[in-house]
>>> print(open('target-v4.cif').read())   # mmCIF, C-alpha atoms
data_final
#
loop_
_atom_site.group_PDB
_atom_site.id
_atom_site.type_symbol
_atom_site.label_atom_id
_atom_site.label_comp_id
_atom_site.auth_asym_id
_atom_site.auth_seq_id
_atom_site.Cartn_x
_atom_site.Cartn_y
_atom_site.Cartn_z
ATOM 1 C CA MET A 1277 0.000 0.000 0.000
ATOM 2 C CA ASN A 1278 1.194 3.514 -0.743
ATOM 3 C CA PRO A 1279 2.185 5.654 2.237
ATOM 4 C CA LEU A 1280 -0.190 8.011 4.015
ATOM 5 C CA THR A 1281 0.612 11.520 2.833
ATOM 6 C CA SER A 1282 -0.400 15.042 3.712
ATOM 7 C CA SER A 1283 -3.367 16.160 1.631
ATOM 8 C CA ARG A 1284 -5.425 19.317 1.262
ATOM 9 C CA LYS A 1285 -8.827 18.218 0.059
ATOM 10 C CA ALA A 1286 -12.112 19.562 1.395
ATOM 11 C CA LEU A 1287 -15.545 18.069 0.899
ATOM 12 C CA VAL A 1288 -18.284 20.642 0.349
ATOM 13 C CA ARG A 1289 -21.987 20.520 -0.608
ATOM 14 C CA ARG A 1290 -23.967 23.379 -2.089
ATOM 15 C CA PRO A 1291 -26.862 24.671 0.008
ATOM 16 C CA SER A 1292 -30.385 23.431 -0.542
ATOM 17 C CA PRO A 1293 -32.996 25.940 -1.735
ATOM 18 C CA ARG A 1294 -34.836 24.827 1.425
ATOM 19 C CA LEU A 1295 -32.029 26.004 3.748
ATOM 20 C CA ALA A 1296 -34.466 28.196 5.697
ATOM 21 C CA GLU A 1297 -36.383 25.049 6.744
ATOM 22 C CA GLY A 1298 -33.343 23.623 8.526
ATOM 23 C CA LEU A 1299 -33.250 22.804 12.221
ATOM 24 C CA VAL A 1300 -32.508 25.426 14.866
ATOM 25 C CA THR A 1301 -32.209 24.485 18.524
ATOM 26 C CA HIS A 1302 -30.492 27.174 20.602
ATOM 27 C CA ILE A 1303 -31.381 30.379 18.704
ATOM 28 C CA ASP A 1304 -34.512 32.030 17.381
ATOM 29 C CA ARG A 1305 -35.405 31.377 13.762
ATOM 30 C CA LYS A 1306 -34.720 34.270 11.375
ATOM 31 C CA PRO A 1307 -35.504 34.747 7.675
ATOM 32 C CA VAL A 1308 -32.822 33.299 5.391
ATOM 33 C CA ASP A 1309 -32.009 34.609 1.927
ATOM 34 C CA ALA A 1310 -31.346 31.448 -0.108
ATOM 35 C CA ALA A 1311 -29.808 33.340 -3.026
ATOM 36 C CA LEU A 1312 -27.411 35.188 -0.732
ATOM 37 C CA ALA A 1313 -26.573 31.930 1.032
ATOM 38 C CA LEU A 1314 -25.566 30.392 -2.293
ATOM 39 C CA ARG A 1315 -23.302 33.355 -3.086
ATOM 40 C CA GLN A 1316 -21.733 33.155 0.365
ATOM 41 C CA TRP A 1317 -21.149 29.424 -0.064
ATOM 42 C CA GLU A 1318 -19.499 30.014 -3.446
ATOM 43 C CA GLU A 1319 -17.201 32.598 -1.841
ATOM 44 C CA TYR A 1320 -16.380 30.170 0.987
ATOM 45 C CA VAL A 1321 -15.433 27.487 -1.559
ATOM 46 C CA ALA A 1322 -13.413 29.999 -3.584
ATOM 47 C CA THR A 1323 -11.542 31.050 -0.449
ATOM 48 C CA LEU A 1324 -10.559 27.464 0.287
ATOM 49 C CA GLY A 1325 -9.309 27.144 -3.275
ATOM 50 C CA ALA A 1326 -7.362 30.393 -3.099
ATOM 51 C CA HIS A 1327 -5.463 29.040 -0.089
ATOM 52 C CA GLY A 1328 -4.408 25.779 -1.682
ATOM 53 C CA TRP A 1329 -7.315 23.480 -0.890
ATOM 54 C CA GLU A 1330 -8.854 21.274 -3.555
ATOM 55 C CA THR A 1331 -12.603 21.213 -3.018
ATOM 56 C CA VAL A 1332 -14.569 18.059 -3.802
ATOM 57 C CA GLU A 1333 -18.277 18.660 -4.186
ATOM 58 C CA VAL A 1334 -20.585 16.062 -2.672
ATOM 59 C CA PRO A 1335 -23.772 15.679 -4.776
ATOM 60 C CA ALA A 1336 -26.449 18.153 -3.779
ATOM 61 C CA ALA A 1337 -29.186 17.093 -1.372
ATOM 62 C CA ASP A 1338 -31.914 19.603 -2.149
ATOM 63 C CA ASP A 1339 -34.461 17.713 -0.033
ATOM 64 C CA CYS A 1340 -32.183 18.028 3.016
ATOM 65 C CA PRO A 1341 -32.356 21.632 4.302
ATOM 66 C CA ASP A 1342 -29.273 21.129 6.523
ATOM 67 C CA GLY A 1343 -27.244 19.239 3.911
ATOM 68 C CA VAL A 1344 -24.801 22.113 3.353
ATOM 69 C CA PHE A 1345 -23.406 21.434 6.834
ATOM 70 C CA ILE A 1346 -21.404 18.553 5.423
ATOM 71 C CA GLU A 1347 -19.042 18.221 8.391
ATOM 72 C CA ASP A 1348 -21.788 16.543 10.386
ATOM 73 C CA THR A 1349 -21.851 13.507 8.061
ATOM 74 C CA MET A 1350 -18.544 12.013 9.192
ATOM 75 C CA VAL A 1351 -15.406 12.112 11.313
ATOM 76 C CA VAL A 1352 -12.125 11.476 9.507
ATOM 77 C CA TYR A 1353 -8.935 10.502 11.336
ATOM 78 C CA ARG A 1354 -5.883 9.668 9.258
ATOM 79 C CA ASN A 1355 -7.319 7.707 6.334
ATOM 80 C CA VAL A 1356 -10.389 6.349 8.114
ATOM 81 C CA ALA A 1357 -13.852 7.880 7.842
ATOM 82 C CA LEU A 1358 -16.463 7.126 10.474
ATOM 83 C CA ILE A 1359 -19.806 7.847 8.820
ATOM 84 C CA ALA A 1360 -22.112 9.564 11.269
ATOM 85 C CA ARG A 1361 -25.574 8.598 12.381
ATOM 86 C CA PRO A 1362 -27.015 12.073 12.974
ATOM 87 C CA GLY A 1363 -28.879 12.746 16.171
ATOM 88 C CA ALA A 1364 -31.708 14.376 14.220
ATOM 89 C CA ASP A 1365 -33.708 11.861 12.170
ATOM 90 C CA SER A 1366 -34.281 14.369 9.366
ATOM 91 C CA ARG A 1367 -30.534 14.603 8.729
ATOM 92 C CA ARG A 1368 -29.802 10.916 8.257
ATOM 93 C CA PRO A 1369 -30.345 10.928 4.461
ATOM 94 C CA GLU A 1370 -27.411 13.373 4.181
ATOM 95 C CA THR A 1371 -24.808 10.703 4.813
ATOM 96 C CA GLU A 1372 -25.241 8.387 1.795
ATOM 97 C CA ALA A 1373 -23.722 10.613 -0.899
ATOM 98 C CA ALA A 1374 -21.066 11.896 1.509
ATOM 99 C CA GLU A 1375 -20.029 8.310 2.262
ATOM 100 C CA ALA A 1376 -19.763 7.464 -1.439
ATOM 101 C CA THR A 1377 -17.669 10.573 -2.084
ATOM 102 C CA VAL A 1378 -15.147 9.940 0.670
ATOM 103 C CA ALA A 1379 -14.911 6.269 -0.288
ATOM 104 C CA ALA A 1380 -14.046 7.276 -3.855
ATOM 105 C CA LEU A 1381 -11.130 9.275 -2.422
ATOM 106 C CA GLY A 1382 -9.686 6.105 -0.902
ATOM 107 C CA CYS A 1383 -10.750 6.377 2.731
ATOM 108 C CA SER A 1384 -11.514 3.261 4.728
ATOM 109 C CA LEU A 1385 -15.070 3.304 6.029
ATOM 110 C CA ASN A 1386 -16.779 2.599 9.324
ATOM 111 C CA ARG A 1387 -20.316 3.538 10.300
ATOM 112 C CA VAL A 1388 -21.977 4.537 13.548
ATOM 113 C CA ARG A 1389 -24.570 1.830 14.170
ATOM 114 C CA GLU A 1390 -27.998 2.023 15.746
ATOM 115 C CA PRO A 1391 -28.773 2.935 18.498
ATOM 116 C CA GLY A 1392 -25.749 5.234 18.641
ATOM 117 C CA THR A 1393 -25.918 8.806 17.361
ATOM 118 C CA LEU A 1394 -23.010 11.025 16.444
ATOM 119 C CA ASP A 1395 -22.698 14.286 14.484
ATOM 120 C CA GLY A 1396 -19.316 15.178 12.994
ATOM 121 C CA GLY A 1397 -19.604 18.702 14.342
ATOM 122 C CA ASP A 1398 -19.299 17.274 17.838
ATOM 123 C CA VAL A 1399 -15.707 16.135 17.266
ATOM 124 C CA LEU A 1400 -12.719 18.474 17.587
ATOM 125 C CA LYS A 1401 -9.392 16.965 16.511
ATOM 126 C CA ILE A 1402 -6.149 18.350 17.938
ATOM 127 C CA GLY A 1403 -3.295 16.156 16.820
ATOM 128 C CA ASP A 1404 -4.122 12.655 18.002
ATOM 129 C CA THR A 1405 -6.667 13.847 20.574
ATOM 130 C CA LEU A 1406 -10.330 13.739 19.605
ATOM 131 C CA TYR A 1407 -12.599 15.750 21.870
ATOM 132 C CA VAL A 1408 -16.203 14.653 21.456
ATOM 133 C CA GLY A 1409 -19.183 16.610 22.725
ATOM 134 C CA ARG A 1410 -21.740 14.552 24.619
ATOM 135 C CA GLY A 1411 -25.213 15.826 25.410
ATOM 136 C CA GLY A 1412 -26.778 17.162 22.234
ATOM 137 C CA ARG A 1413 -26.837 15.319 18.919
ATOM 138 C CA THR A 1414 -24.175 12.808 20.038
ATOM 139 C CA ASP A 1415 -25.021 10.242 22.704
ATOM 140 C CA GLY A 1416 -22.971 7.933 24.904
ATOM 141 C CA GLU A 1417 -23.197 5.019 22.480
ATOM 142 C CA GLY A 1418 -21.943 7.269 19.675
ATOM 143 C CA VAL A 1419 -18.964 8.201 21.856
ATOM 144 C CA ARG A 1420 -18.310 4.526 22.566
ATOM 145 C CA GLN A 1421 -18.298 3.666 18.861
ATOM 146 C CA LEU A 1422 -16.014 6.609 18.083
ATOM 147 C CA ARG A 1423 -13.553 5.246 20.638
ATOM 148 C CA ALA A 1424 -13.836 1.712 19.269
ATOM 149 C CA VAL A 1425 -12.950 2.854 15.736
ATOM 150 C CA PHE A 1426 -10.199 5.383 16.381
ATOM 151 C CA GLU A 1427 -8.401 4.442 19.597
ATOM 152 C CA PRO A 1428 -6.848 1.327 17.974
ATOM 153 C CA LEU A 1429 -5.380 3.713 15.375
ATOM 154 C CA GLY A 1430 -3.611 5.759 18.049
ATOM 155 C CA ALA A 1431 -6.228 8.381 18.846
ATOM 156 C CA ARG A 1432 -7.103 9.510 22.354
ATOM 157 C CA VAL A 1433 -10.843 10.183 22.694
ATOM 158 C CA VAL A 1434 -11.942 12.641 25.387
ATOM 159 C CA ALA A 1435 -15.663 13.175 26.011
ATOM 160 C CA VAL A 1436 -16.727 16.648 27.169
ATOM 161 C CA PRO A 1437 -20.183 18.013 28.034
ATOM 162 C CA VAL A 1438 -22.193 20.107 25.565
ATOM 163 C CA SER A 1439 -25.452 21.716 26.653
ATOM 164 C CA ARG A 1440 -25.340 25.381 25.622
ATOM 165 C CA VAL A 1441 -24.863 25.066 21.856
ATOM 166 C CA LEU A 1442 -25.759 22.691 19.030
ATOM 167 C CA HIS A 1443 -22.371 20.962 18.662
ATOM 168 C CA LEU A 1444 -19.021 20.973 20.439
ATOM 169 C CA LYS A 1445 -17.514 22.907 17.522
ATOM 170 C CA SER A 1446 -20.281 25.478 17.886
ATOM 171 C CA ALA A 1447 -18.542 26.302 21.176
ATOM 172 C CA VAL A 1448 -14.831 25.656 20.591
ATOM 173 C CA THR A 1449 -12.206 25.039 17.927
ATOM 174 C CA ALA A 1450 -8.409 25.251 18.145
ATOM 175 C CA LEU A 1451 -5.524 27.389 16.927
ATOM 176 C CA PRO A 1452 -2.558 25.824 15.092
ATOM 177 C CA ASP A 1453 -0.602 25.480 18.356
ATOM 178 C CA GLY A 1454 -3.416 23.425 19.899
ATOM 179 C CA THR A 1455 -4.869 26.162 22.098
ATOM 180 C CA VAL A 1456 -8.631 25.718 22.319
ATOM 181 C CA ILE A 1457 -10.607 28.905 21.692
ATOM 182 C CA GLY A 1458 -14.151 29.658 22.769
ATOM 183 C CA TYR A 1459 -16.669 32.240 23.891
ATOM 184 C CA PRO A 1460 -16.951 31.499 27.635
ATOM 185 C CA PRO A 1461 -20.732 31.843 28.089
ATOM 186 C CA LEU A 1462 -21.218 28.988 25.617
ATOM 187 C CA VAL A 1463 -18.496 26.613 26.851
ATOM 188 C CA ASP A 1464 -19.670 24.098 29.444
ATOM 189 C CA ASP A 1465 -16.246 23.456 30.999
ATOM 190 C CA PRO A 1466 -13.165 25.307 29.721
ATOM 191 C CA ARG A 1467 -11.108 23.278 32.221
ATOM 192 C CA ALA A 1468 -11.634 20.213 30.025
ATOM 193 C CA PHE A 1469 -8.890 21.561 27.756
ATOM 194 C CA PRO A 1470 -5.212 21.915 28.728
ATOM 195 C CA ARG A 1471 -5.026 25.390 27.161
ATOM 196 C CA PHE A 1472 -8.068 27.594 26.683
ATOM 197 C CA LEU A 1473 -8.214 31.108 25.243
ATOM 198 C CA SER A 1474 -11.312 33.242 25.622
ATOM 199 C CA VAL A 1475 -12.531 35.118 22.542
ATOM 200 C CA PRO A 1476 -14.792 38.202 22.640
ATOM 201 C CA GLU A 1477 -17.441 37.052 20.147
ATOM 202 C CA GLU A 1478 -19.399 33.835 19.727
ATOM 203 C CA SER A 1479 -18.459 33.478 16.057
ATOM 204 C CA GLY A 1480 -14.816 34.074 16.958
ATOM 205 C CA SER A 1481 -14.824 30.577 18.435
ATOM 206 C CA HIS A 1482 -14.755 28.975 14.995
ATOM 207 C CA VAL A 1483 -11.652 28.745 12.836
ATOM 208 C CA VAL A 1484 -10.549 26.465 10.011
ATOM 209 C CA LEU A 1485 -6.785 25.995 9.777
ATOM 210 C CA LEU A 1486 -5.802 26.802 6.198
ATOM 211 C CA GLY A 1487 -2.060 26.285 6.734
ATOM 212 C CA GLY A 1488 0.773 28.722 7.236
ATOM 213 C CA GLY A 1489 -0.894 30.370 10.222
ATOM 214 C CA ARG A 1490 -3.951 31.405 8.193
ATOM 215 C CA LEU A 1491 -7.312 31.108 9.928
ATOM 216 C CA LEU A 1492 -10.551 30.967 7.950
ATOM 217 C CA MET A 1493 -13.180 32.590 10.147
ATOM 218 C CA ALA A 1494 -16.477 34.450 10.049
ATOM 219 C CA ALA A 1495 -16.479 38.134 9.130
ATOM 220 C CA SER A 1496 -18.878 38.667 12.056
ATOM 221 C CA ALA A 1497 -16.014 38.404 14.577
ATOM 222 C CA PRO A 1498 -13.717 41.392 13.931
ATOM 223 C CA ARG A 1499 -12.496 41.696 17.522
ATOM 224 C CA SER A 1500 -11.543 38.019 17.587
ATOM 225 C CA ALA A 1501 -9.723 38.533 14.289
ATOM 226 C CA GLU A 1502 -7.731 41.341 15.928
ATOM 227 C CA LEU A 1503 -6.849 39.031 18.801
ATOM 228 C CA PHE A 1504 -5.621 36.317 16.438
ATOM 229 C CA ALA A 1505 -3.610 38.826 14.420
ATOM 230 C CA ASP A 1506 -1.961 40.018 17.647
ATOM 231 C CA LEU A 1507 -0.972 36.395 18.282
ATOM 232 C CA GLY A 1508 0.784 36.252 14.927
ATOM 233 C CA TYR A 1509 -1.883 34.533 12.874
ATOM 234 C CA THR A 1510 -3.491 35.727 9.642
ATOM 235 C CA PRO A 1511 -7.291 35.901 9.786
ATOM 236 C CA VAL A 1512 -9.085 35.141 6.503
ATOM 237 C CA PRO A 1513 -12.658 36.395 7.007
ATOM 238 C CA VAL A 1514 -15.668 35.224 5.007
ATOM 239 C CA ASP A 1515 -19.267 36.394 5.277
ATOM 240 C CA ILE A 1516 -21.495 33.463 6.255
ATOM 241 C CA SER A 1517 -24.369 35.433 7.792
ATOM 242 C CA GLU A 1518 -27.118 33.286 6.262
ATOM 243 C CA PHE A 1519 -25.589 30.095 7.647
ATOM 244 C CA GLU A 1520 -25.089 31.660 11.080
ATOM 245 C CA LYS A 1521 -28.879 32.144 11.172
ATOM 246 C CA MET A 1522 -29.108 28.336 11.012
ATOM 247 C CA GLU A 1523 -26.468 27.727 13.732
ATOM 248 C CA GLY A 1524 -23.811 27.126 11.095
ATOM 249 C CA CYS A 1525 -20.181 28.216 11.144
ATOM 250 C CA VAL A 1526 -17.040 27.996 9.003
ATOM 251 C CA THR A 1527 -16.095 24.542 10.252
ATOM 252 C CA CYS A 1528 -19.349 22.779 9.418
ATOM 253 C CA LEU A 1529 -19.385 23.894 5.771
ATOM 254 C CA SER A 1530 -16.579 21.488 4.822
ATOM 255 C CA VAL A 1531 -14.786 18.273 5.783
ATOM 256 C CA ARG A 1532 -11.039 18.761 5.615
ATOM 257 C CA LEU A 1533 -9.103 15.669 4.560
ATOM 258 C CA ARG A 1534 -5.487 16.133 5.679
ATOM 259 C CA GLY A 1535 -4.187 12.570 5.342
ATOM 260 C CA LEU A 1536 -4.904 10.332 2.346
ATOM 261 C CA TYR A 1537 -3.000 7.485 0.739
ATOM 262 C CA ALA A 1538 -1.024 8.626 -2.292
#
>>> encode(input="target-v4.cif", output="structure tokens")
Amino acid sequence: MNPLTSSRKALVRRPSPRLAEGLVTHIDRKPVDAALALRQWEEYVATLGAHGWETVEVPAADDCPDGVFIEDTMVVYRNVALIARPGADSRRPETEAAEATVAALGCSLNRVREPGTLDGGDVLKIGDTLYVGRGGRTDGEGVRQLRAVFEPLGARVVAVPVSRVLHLKSAVTALPDGTVIGYPPLVDDPRAFPRFLSVPEESGSHVVLLGGGRLLMAASAPRSAELFADLGYTPVPVDISEFEKMEGCVTCLSVRLRGLYA
């Protein structure tokens, strides 16, 4: 078998015209402009491409209002994809095309089995540590199956509580040096992480590591961007206002594949 190599591929899926019908759990529903959402998604995809990422489009799922939030369909560690079993019944049809797409890229496949539930947005990877949020869309059996798949590969799985937001990565993500960042009112237990940095805006909690110290983040968090710039990073802001109305963020709009077989 060829060696595992560093890769820069990102799975994406264009938004459904029914985006406004998607689920909201912790915020009030607001009107969504589907045409603007599509333009914002196209700019998000273009930004990934401009920073060296090859985007792979998963077939559209127009009957799935939340389908654009592709990250929730799987968790990928090294070259293994664990296909999610979403905690919301209405989201389960989203996984089929995502599974076929990642399989075509050469990933080995596992699946979360009934009765377990797990959403990809509940898993934050920092090196070989996988933090998994328990309490919302991901249940204890989903955590157990995540451990069973990835711990034999060298991962360390750490379960942390989530009760104030939709997913763990709605509350926290991490900087390139492994420091976890979050907006304190929405983080159940900052002490769960060895290093935690408070950010001044909710949407400042979400960054995608583009490489070279560049951080893809929402344009709605300018003070957090200033903080990251002061730390020596380069913020790359994108406007995702229509997705934020649906509890979305920059992380859940793609699945980053950083290790594939050559």
>>> resolve_selection(input="target-v4.cif", expression="the PyMOL selection byres ((chain A and resi 1361) around 7)", output="number ranges by chain")
A: 1359-1360, 1362-1363, 1368, 1388, 1393-1395
>>> residues_near_point(input="target-v4.cif", point="(-2.3, 26.2, 0.5)", cutoff="12 Å", atoms="only C-alpha atoms", output="list in words")
Ser1282, Ser1283, Arg1284, Lys1285, Ala1286, Thr1323, Leu1324, Gly1325, Ala1326, His1327, Gly1328, Trp1329, Glu1330, Thr1331, Leu1485, Leu1486, Gly1487, Gly1488, Gly1489, Arg1490, Leu1491 and Arg1534 of chain A
>>> resolve_selection(input="target-v4.cif", expression="the PyMOL selection byres ((chain A and resi 1354) around 9)", output="MDAnalysis selection string")
chainID A and resid 1280 1352:1353 1355:1357 1383 1429 1533:1536
>>> resolve_selection(input="target-v4.cif", expression="the PyMOL selection byres ((chain A and resi 1474) around 12)", output="ChimeraX atom specification")
/A:1447-1451,1455-1463,1466-1467,1471-1473,1475-1482,1499-1500,1503-1504
>>> residues_near_point(input="target-v4.cif", point="(-18.5, 23.5, 11.0)", cutoff="12 Å", atoms="only C-alpha atoms", output="ChimeraX atom specification")
/A:1287-1288,1342,1344-1351,1395-1400,1442-1449,1479,1481-1484,1492-1494,1516,1519-1520,1522-1532
>>> closest_residue(input="target-v4.cif", among="A:Asp1506, A:Asp1365, A:Glu1333, A:Asp1339", to="Leu1295 in chain A", atoms="only C-alpha atoms")
A:Asp1339
>>> residues_around(input="target-v4.cif", residues="range 1377-1382 of chain A", least_positions_apart="2", cutoff="8 Å", atoms="only C-alpha atoms", output="PyMOL selection string")
chain A and resi 1334+1355+1357+1373-1375+1384-1385+1536-1537
>>> atom_distance(input="target-v4.cif", atom1="CA of Gly1411 in chain A", atom2="CA of Ser1439 in chain A")
6.0 Å
>>> residues_around(input="target-v4.cif", residues="Ala1424 in chain A", least_positions_apart="4", cutoff="12 Å", atoms="all atoms listed in the file", output="tab-separated table (two decimals) with C-alpha atoms, in the frame of the given file")
chain	number	residue	atom	x	y	z
A	1358	LEU	CA	-16.46	7.13	10.47
A	1386	ASN	CA	-16.78	2.60	9.32
A	1387	ARG	CA	-20.32	3.54	10.30
A	1388	VAL	CA	-21.98	4.54	13.55
A	1389	ARG	CA	-24.57	1.83	14.17
A	1417	GLU	CA	-23.20	5.02	22.48
A	1418	GLY	CA	-21.94	7.27	19.68
A	1419	VAL	CA	-18.96	8.20	21.86
A	1420	ARG	CA	-18.31	4.53	22.57
A	1428	PRO	CA	-6.85	1.33	17.97
A	1429	LEU	CA	-5.38	3.71	15.38
A	1430	GLY	CA	-3.61	5.76	18.05
A	1431	ALA	CA	-6.23	8.38	18.85
A	1432	ARG	CA	-7.10	9.51	22.35
A	1433	VAL	CA	-10.84	10.18	22.69
>>> residues_around(input="target-v4.cif", residues="Pro1293 in chain A", least_positions_apart="3", cutoff="9 Å", atoms="all atoms listed in the file", output="MDAnalysis selection string")
chainID A and resid 1296 1310:1311 1314 1338:1339 1341
>>> build_atoms(input="target-v4.cif", residues="range 1435-1448 of chain A", atoms="N, CA and C atoms", output="mmCIF file, in the coordinates of the input")
data_model
loop_
_atom_site.group_PDB
_atom_site.id
_atom_site.type_symbol
_atom_site.label_atom_id
_atom_site.label_comp_id
_atom_site.auth_asym_id
_atom_site.auth_seq_id
_atom_site.Cartn_x
_atom_site.Cartn_y
_atom_site.Cartn_z
ATOM 1 N N ALA A 1435 -14.287 12.686 26.045
ATOM 2 C CA ALA A 1435 -15.663 13.175 26.011
ATOM 3 C C ALA A 1435 -15.803 14.404 26.913
ATOM 4 N N VAL A 1436 -16.498 15.419 26.409
ATOM 5 C CA VAL A 1436 -16.727 16.648 27.169
ATOM 6 C C VAL A 1436 -18.208 17.007 27.051
ATOM 7 N N PRO A 1437 -18.754 17.689 28.070
ATOM 8 C CA PRO A 1437 -20.183 18.013 28.034
ATOM 9 C C PRO A 1437 -20.502 19.139 27.063
ATOM 10 N N VAL A 1438 -21.674 19.044 26.434
ATOM 11 C CA VAL A 1438 -22.193 20.107 25.565
ATOM 12 C C VAL A 1438 -23.672 20.280 25.887
ATOM 13 N N SER A 1439 -24.040 21.463 26.355
ATOM 14 C CA SER A 1439 -25.452 21.716 26.653
ATOM 15 C C SER A 1439 -25.917 23.101 26.212
ATOM 16 N N ARG A 1440 -24.977 23.985 25.881
ATOM 17 C CA ARG A 1440 -25.340 25.381 25.622
ATOM 18 C C ARG A 1440 -25.394 25.735 24.147
ATOM 19 N N VAL A 1441 -24.916 24.835 23.297
ATOM 20 C CA VAL A 1441 -24.863 25.066 21.856
ATOM 21 C C VAL A 1441 -25.225 23.770 21.137
ATOM 22 N N LEU A 1442 -25.350 23.848 19.817
ATOM 23 C CA LEU A 1442 -25.759 22.691 19.030
ATOM 24 C C LEU A 1442 -24.717 21.586 19.051
ATOM 25 N N HIS A 1443 -23.461 21.932 18.752
ATOM 26 C CA HIS A 1443 -22.371 20.962 18.662
ATOM 27 C C HIS A 1443 -21.173 21.452 19.451
ATOM 28 N N LEU A 1444 -20.251 20.552 19.757
ATOM 29 C CA LEU A 1444 -19.021 20.973 20.439
ATOM 30 C C LEU A 1444 -18.316 22.075 19.662
ATOM 31 N N LYS A 1445 -18.232 21.911 18.323
ATOM 32 C CA LYS A 1445 -17.514 22.907 17.522
ATOM 33 C C LYS A 1445 -18.342 24.158 17.256
ATOM 34 N N SER A 1446 -19.561 24.214 17.799
ATOM 35 C CA SER A 1446 -20.281 25.478 17.886
ATOM 36 C C SER A 1446 -19.738 26.309 19.045
ATOM 37 N N ALA A 1447 -19.068 25.638 19.983
ATOM 38 C CA ALA A 1447 -18.542 26.302 21.176
ATOM 39 C C ALA A 1447 -17.047 26.533 21.105
ATOM 40 N N VAL A 1448 -16.291 25.558 20.568
ATOM 41 C CA VAL A 1448 -14.831 25.656 20.591
ATOM 42 C C VAL A 1448 -14.237 25.078 19.307
#
